[in-house]
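A short write-up of the structure that comes next.
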Amino acid sequence: MEKLRLDSDDTYKLEVNDKGEYIEFDLTDIGLPEKIIEASDRIRKIDEQYRQQVLDISEKYKYDQVKMTRELITLEKEKCIQLRKEFDSFLGAGSCQKIFGDKNKYGMFENLLFALEEHYPKMQIKLDKAKEKLVNKYMPQNEEVM
């Protein structure tokens with residue numbers, strides 16, 4: 001998440017790996033902020049559930065390390081699948097695969113969330129320019145407005 005490319009006022013692109021692959025945000029998509037907010041809420045809910053389930057499993061199997069470890073691994077795998085789905089819901093299908101490949105580790109999603117947060121203000125600046133461009137494109141040019 002180190003390289004940033006802004007190719008136009010309509011798109012915000014982030015290079016996400018060393019293969020030159022990008023994720024793109026369509027800044028003319030009026031629903032983009034809502035998608036990000038709703039996905040972030042769902043991601044936080046998954047995280048809350050995960051943390052509670054870890055505590056529950058740890059308590060349930062506190063005298064059986066093998067069963068506890070197996071349950072925790074299964075839980076982490078399930079939550080990683082859910083998190084990939086949520087991130088892809090606003091980053092675009094296949095984005096997590098571009099970013100992480102086949103790797104699954106619970107903490108990497110928290111890192112991604114924090115890395116993306118620094119880009120939201122930059123996207124807002126570009127979003128304002130995209131809105132202005134759309135207004136200029138679709139508003140009548142030589143008519144009086146009441």
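Residue numbering restarts at 1 for every chain of the structure tokens, chains are lettered A, B, ... in their displayed order, and ligands are numbered from 1 as they appear.
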Exercise for review: Please identify all polymer residues within 12 Å of region 76-93 of chain A, counting only C-alpha atoms, omitting same-chain residues fewer than 6 positions from it, and present them as number ranges by chain.
Suggested key: A: 12-14, 16, 22-26, 29, 31-51, 53-54, 57, 69-70, 99-110, 112-113, 116
Residue subset to file, keeping C-alpha atoms, as a CSV table (one decimal), in the first residue's frame:
```csv
chain,number,residue,atom,x,y,z
A,12,TYR,CA,-8.3,6.9,-7.2
A,13,LYS,CA,-5.8,4.1,-7.8
A,14,LEU,CA,-3.6,2.3,-5.2
A,16,VAL,CA,-1.2,-3.0,-4.0
A,22,TYR,CA,-4.1,-1.8,-8.5
A,23,ILE,CA,-7.3,-1.4,-6.7
A,24,GLU,CA,-9.4,1.5,-8.0
A,25,PHE,CA,-12.1,3.7,-6.4
A,26,ASP,CA,-14.6,5.2,-8.8
A,29,ASP,CA,-19.8,6.5,-7.6
A,31,GLY,CA,-22.5,5.3,-3.1
A,32,LEU,CA,-18.8,4.8,-2.5
A,33,PRO,CA,-18.7,6.5,0.9
A,34,GLU,CA,-21.7,4.6,2.1
A,35,LYS,CA,-20.1,1.3,0.8
A,36,ILE,CA,-17.0,2.1,2.8
A,37,ILE,CA,-18.8,3.0,6.0
A,38,GLU,CA,-21.1,0.0,5.9
A,39,ALA,CA,-18.3,-2.4,5.1
A,40,SER,CA,-16.3,-0.9,7.9
A,41,ASP,CA,-19.2,-1.4,10.3
A,42,ARG,CA,-19.5,-5.0,9.3
A,43,ILE,CA,-15.7,-5.5,9.6
A,44,ARG,CA,-15.8,-4.1,13.2
A,45,LYS,CA,-18.7,-6.4,14.0
A,46,ILE,CA,-16.8,-9.5,12.7
A,47,ASP,CA,-13.8,-8.4,14.8
A,48,GLU,CA,-16.0,-8.1,17.9
A,49,GLN,CA,-17.5,-11.5,17.3
A,50,TYR,CA,-14.0,-13.0,16.7
A,51,ARG,CA,-12.6,-11.6,19.9
A,53,GLN,CA,-15.4,-16.3,20.3
A,54,VAL,CA,-11.6,-16.5,21.1
A,57,ILE,CA,-13.1,-21.2,23.0
A,69,THR,CA,-5.7,-24.8,19.1
A,70,ARG,CA,-7.8,-26.6,16.5
A,99,ILE,CA,-3.1,-7.6,-1.9
A,100,PHE,CA,-2.5,-10.8,0.2
A,101,GLY,CA,-2.4,-13.6,-2.3
A,102,ASP,CA,-3.3,-16.9,-0.7
A,103,LYS,CA,-2.1,-15.8,2.7
A,104,ASN,CA,-4.6,-15.7,5.6
A,105,LYS,CA,-3.7,-14.2,8.9
A,106,TYR,CA,-6.2,-12.4,11.0
A,107,GLY,CA,-4.1,-9.3,11.8
A,108,MET,CA,-3.4,-8.5,8.2
A,109,PHE,CA,-6.9,-7.2,7.8
A,110,GLU,CA,-6.6,-4.8,10.7
A,112,LEU,CA,-5.2,-3.1,5.8
A,113,LEU,CA,-8.0,-1.2,7.4
A,116,LEU,CA,-6.7,2.5,3.8
```
